[in-house]
Amino acid sequence: MKQKIKANVVQQVHWDPEWYFTEEDTTVQFAYNTKDLIDALEEGRLKQFFLDGRTDALEDYLLSHQEDRKRVEKLVQENKLFIGPFHAQLDCFISSGEAIFNNLRIGMELGDKYGGTSKLAWLPDSFGHTQDFPKIFSSMGINDFIFRRGMGEEHNLPIDFYWESNDGSKVLTNVLQCGYGFATPAFVSGKLTDEKAENYQGKDLNNEFRSLAKWSTLDNEFLLPIGFDLNPTIDDFQELIDKYNKESDEFEFEEITFHEYMDKLREESKDFKSYKGEFMSAQHHRMHRSLFSARADIKALQDKVERIMTYEVQPLMTMIDNLGLEYDKGLIDRAWDLLVRSQTHSSATNTDKTNELIKVRSARAYNIAESCKVYLIRKIAATIPKEENKMPIVIYNTLPEKRDMCTKLYVYSRSKDFKLELNGEEVEYSVIDVDRMFSGIYRKDASLMKEEDYFYRTEISINIKDFNGFSYKTLYLLDGEKANKITITEEVCDTIENSRYKISFVDDKFNIYDKKYDILHKDSIYIEESGDEGDNYDHSYPDKDLILKYDFKDAKINRAYNTKNVSELEIEGKVLVPYNLQERAEGKVTTKLGYKLKFRLREDRNVIEVSGNFDNKSLNHRVRLVVRTENESKYSYAGTQFGYIKRETLPENLESWRAQKYDGEPIESSSWLEEPTPTYPLLNYVSLLGNKYVATAYTRGSKEYEIIGENYSDIALTIFRGVGHLGLPDLNRRPGRASGLQEKLFETPLSQMLGDNQFEFGFEYSDKFDGNKIGKEYVKYATDQSYFQNQRLERVVFPMCFLDTAALSQGVPEEFKLLELQDSEATFGTLKKANEGNAYVLRVFNNENHEVDGGTLKINVDYKEIRFTNGAEDVDIDGSLELGNLRPGEIINVKIIL
């Protein structure tokens, strides 16, 4: 008798908290579903259930249903209900490394709180997967991973394999190549074993089973998840399995858990293939690679939260913890919780109503992060004694290495004249701008406003040299004293410079002379505008496009100035673009696209900073700013969470991805489900390598890039794209059904991005590509300056300053140094308080594919012991102040036990 093919069946659910519905809709649905699930598990109608590998929905349920907590804990402890390790399903390419670590940390802490965490990573619907997952998962004690999207024939892999990172970490991986719920409708309807049974896409279900068995490393077995988006429990699950076993001569169905299946793979399979790299193929599953520019405003806001939490708030809170203000893990968790719930795998591919709720949640995360920062820096400033005309300004270095700090500050004084001192010595500064302001009671008749209530806000540039890592210094502003060391602020016509670069705005173009390498970069940046017939999921070029490239003709210079430390040049202008797709098809340009563009140079860094905004009044188009280089490139090198990835500028299958043109019938299996576009996600930076130099673009918001130009030498950064629908069918780049809900088209007018669209990015030139040097430059560029002046002239420098803050009772020194990383080639991750116990954790990583020196820690406070730990902080080994050589891609967590 022929051996039956075994289907290892797991009941699960994929829980989208929001989409074309809101979080409140699913909160209600989940509440009633969960009550049924608990009853079914307790009564034995279900043996086990896998809750989408996350904890956020369950946490919300238990907050309002405390009566069920012990019941849930018992089910989790008995391995009937599986939760975690993620807190929320994530956008795998544009969530930062620290965001992913905290997503897992919160998920695992909550999982343990509710009975025990699943140590199996499950991402059934994320649009591709970063190459760094194996090292992240391994660091958190996770050795199994199941995902759906991103693997194609190019990977030459079975559906079970070891996925490795460049540091040697690996996870056993199973790919749901047919989907996570493809057989569920047939299973629930009782038709799973019918000869003509179909999956939810209309494909032959029996053939799908045979294919999975063929691709599996297990002999004649495969994994069969049953469950779908937001579905309730299938109460007659076991009865249906019994029914199908009686009916089928070809297949045997056995209920199992995901964990048992992965254990079976390890025990019974031999010679697993290994793979290194990312999963981004659109051959078998839609990838929506251009969704990273959907609602660019939301993504920029989330990027800001990641940066302030990682490089400012966590280090600040750790530093000040050592001074007696206890590290507030609850506030840290609250900010990360709000953020990771907003970084869902759907990545703003939602209705306007849902996207606005996500934006509000992201803004709440930012507000908590910003308020934490302000409270902390103000607390120290408020504790340092001040005199009537001598006000302390506390400035912080929240990064680990000693550095010069060229920055701009706003300072407040009663008199227009003031002197700055550090350690009793006068400090040199330049005045950029001065505003006369009022701090008294406003009256309609200005003559009734008292003269003594006026004061000055002065914007200055300053350079503090040899600023220790993780430290602060206190400047004093001596109000009314004439400064002897004010350097000249030179108002210039069209050229700014520092010791590295000279930037000129000449003949409507920006020319950049690199003094270090004696290279002139002509016409270094331009605007590209084109049509977008797509939706929130994908950019799609119209049948009749009009691609416009603009320099900055007719732009005017608002201001250009040079100081010794910081220089800026700002222009403002307008270009004409089509109003809509119809005008574009007709070749008309009738609508003004206004812009402001500011270049900034700092003496302490190599990055040229660019910021500004576009005032959009047009529909269905994409606007990109393009950094022009001479580097003809077959590949780009883009930063990932803890490394970088080499990507093709012209993907191999770009010209042949349609094996058969879509004509209304299902696409042939040899065809791709969407174009393998050269548009890629941008997490932090992207580099092009050339014979003369390396050009690198850094982002502080833009999350998408493409290498364009005749010779693939220009880095195009998507500033925004405007579209008007959640999903559309039959796009040029994505044939077939509408993505999202294929039975209904949702209009999303807010996704047209009308109005102000702000942007920030930077770029630099270097002689060679070094991942750690680029990583260090990114961290400096990504980190804003933290400082606070203890003064009462302007009460609302920040809104929370209206609230009184008491000084620390024990007092603080004028200068403080926590620790410093010296002579390190590695890239900074973050500094934080340990999850448990009285210890600090410094995270650094090797952003290269070869060994580097991790450097030496210099600790300036009392401590008991140094340990090296993992990301979960539950496996420690002996450590030392010498970090030693870091393996390629290695993440090292240094635990400083106090």
# chains A, B, ... in the order shown; residues from 1 in each chain; ligands from 1
>>> closest_atom_pairs(of="stretch 753-802 of chain A", to="stretch 410-431 of chain A", cutoff="10 Å", atoms="only C-alpha atoms", output="JSON lines")
{"residue": "A:Tyr787", "atom": "CA", "partner": "A:Tyr410", "partner_atom": "CA", "distance": 9.5}
{"residue": "A:Phe788", "atom": "CA", "partner": "A:Val411", "partner_atom": "CA", "distance": 8.9}
{"residue": "A:Gln789", "atom": "CA", "partner": "A:Val411", "partner_atom": "CA", "distance": 7.0}
{"residue": "A:Asn790", "atom": "CA", "partner": "A:Tyr412", "partner_atom": "CA", "distance": 9.4}
{"residue": "A:Gln791", "atom": "CA", "partner": "A:Tyr412", "partner_atom": "CA", "distance": 7.4}
{"residue": "A:Arg792", "atom": "CA", "partner": "A:Tyr412", "partner_atom": "CA", "distance": 8.9}
{"residue": "A:Leu793", "atom": "CA", "partner": "A:Tyr412", "partner_atom": "CA", "distance": 6.9}
{"residue": "A:Glu794", "atom": "CA", "partner": "A:Tyr412", "partner_atom": "CA", "distance": 7.4}
{"residue": "A:Val797", "atom": "CA", "partner": "A:Tyr410", "partner_atom": "CA", "distance": 9.6}
>>> closest_atom_pairs(of="stretch 444-502 of chain A", to="stretch 594-602 of chain A", cutoff="10 Å", atoms="only C-alpha atoms", output="Markdown table")
| residue | atom | partner | partner_atom | distance |
| --- | --- | --- | --- | --- |
| A:Ser461 | CA | A:Arg602 | CA | 9.7 |
| A:Asn463 | CA | A:Arg602 | CA | 9.7 |
| A:Ile496 | CA | A:Leu601 | CA | 8.0 |
| A:Glu497 | CA | A:Leu601 | CA | 7.0 |
| A:Asn498 | CA | A:Leu601 | CA | 6.5 |
| A:Ser499 | CA | A:Arg602 | CA | 9.2 |
| A:Arg500 | CA | A:Leu601 | CA | 8.9 |
| A:Tyr501 | CA | A:Leu601 | CA | 7.9 |
| A:Lys502 | CA | A:Leu601 | CA | 9.1 |
>>> write_last_selection(atoms="C-alpha atoms", output="CSV table (one decimal), in the first residue's frame")
chain,number,residue,atom,x,y,z
A,461,SER,CA,27.1,78.0,17.0
A,463,ASN,CA,32.4,73.9,19.3
A,496,ILE,CA,29.2,78.1,2.1
A,497,GLU,CA,32.1,76.0,3.3
A,498,ASN,CA,33.9,74.2,6.2
A,499,SER,CA,37.3,72.6,6.3
A,500,ARG,CA,36.0,69.6,4.2
A,501,TYR,CA,33.5,70.9,1.6
A,502,LYS,CA,32.7,74.0,-0.4
>>> atom_distance(atom1="atom CA of A:Thr591", atom2="atom CA of A:Gly573")
13.3 Å
>>> residues_around(residues="A:Ile320", least_positions_apart="3", cutoff="10 Å", atoms="only C-alpha atoms", output="list of chain:residue names")
A:Pro315, A:Leu316, A:Met317, A:Leu323, A:Gly324, A:Leu325, A:Glu326, A:Tyr327, A:Leu376, A:Ile377, A:Lys379, A:Ile380, A:Ser471, A:Val812, A:Phe816, A:Leu818
>>> closest_residue(among="A:Pro749, A:Gly701, A:Gly709, A:Gly722", to="A:Gly534", atoms="only C-alpha atoms")
A:Gly722
